[in-house]
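K.L.:
I have a structure I would like to understand better, so I am pasting it below and will then ask my questions one at a time.
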Amino acid sequence: NYFGLVAINKKLDVIAYGSIFIENKIRGGRMGHIEDIAVHQHFRNQGIGSSIIEALCQIANDHKCYKVSLSCKEDNLSFYQKCDFIVRGISLSKFF
């Protein structure tokens, strides 16, 4: 239930990564959790991150997820909003 995608350049270097975990909910249905979106700083603003998000959402759709969620830092919020994600609810974390 875990899928990771990479983007590579012409030299076959990994320049971006993203993953999605498909969760089977206790009440039925599936939900996708996008994590670990990263694009090398020299390759940003070229649509690579958006392409990875789109591909991960397609994986969620293929697995009949009813929604996809993600958490991000506030300074990344506008990027995800451009990818059609909306702010809904509150996300909390506990670090160890």
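Order determines the names: the first chain of the structure tokens is A, the second B, and so forth; residues in each chain are numbered 1 upward, and ligands are numbered 1 upward as they are shown.
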Output as a list in words all residues of chain A that backbone DSSP marks as alpha helix (DSSP H).
P.N.:
Ile48, Gly49, Ser50, Ser51, Ile52, Ile53, Glu54, Ala55, Leu56, Cys57, Gln58, Ile59, Ala60, Asn61, Asp62, Leu77, Ser78, Phe79, Tyr80, Gln81 and Lys82 of chain A
K.L.:
Determine, counting only C-alpha atoms, which protein, DNA and RNA residues have an atom within 9 Å of an atom of segment 46-60 of chain A; residues of the same chain fewer than 3 positions away are not included. Present the result as a ChimeraX atom specification.
P.N.:
/A:3-7,15-22,30-34,37-39,43,63-68,79-80,82-83
K.L.:
For the atom pair atom CA of Glu23 of chain A and atom CA of Asp36 of chain A, what is the interatomic distance in Å to one decimal place?
P.N.:
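Value for the atom CA of Glu23 of chain A-atom CA of Asp36 of chain A distance: 16.4 Å.
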K.L.:
May I ask for the distance between atom CA of Arg44 of chain A and atom CA of Lys10 of chain A, given in Å to one decimal place?
P.N.:
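Here the two named atoms are 15.9 Å from each other.
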K.L.:
Write down as a list in words the residues of segment 5-56 of chain A whose backbone DSSP state falls under strand (DSSP E).
P.N.:
Leu5, Val6, Ala7, Ile8, Val14, Ile15, Ala16, Tyr17, Gly18, Ser19, Ile20, Phe21, Ile22, Glu23, Asn24, Arg30, Met31, Gly32, His33, Ile34, Glu35, Asp36, Ile37, Ala38 and Val39 of chain A
K.L.:
Which residue gives the smallest distance to Val14 of chain A among A:Lys94, A:Lys73, A:Arg88, A:His42, with only C-alpha atoms counted?
P.N.:
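Of A:Lys94, A:Lys73, A:Arg88, A:His42, the one nearest Val14 of chain A is A:His42, counting only C-alpha atoms.
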K.L.:
Work out how far apart atom CA of Gly89 of chain A and atom CA of Asp62 of chain A are and give it in Å to one decimal.
P.N.:
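Those two atoms sit 25.5 Å apart.
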K.L.:
So, counting only C-alpha atoms, which residue among A:Glu35, A:Gln81, A:Ile26, A:Gln41 is closest to Ser69 of chain A?
P.N.:
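For Ser69 of chain A, the nearest of the candidates is A:Glu35.
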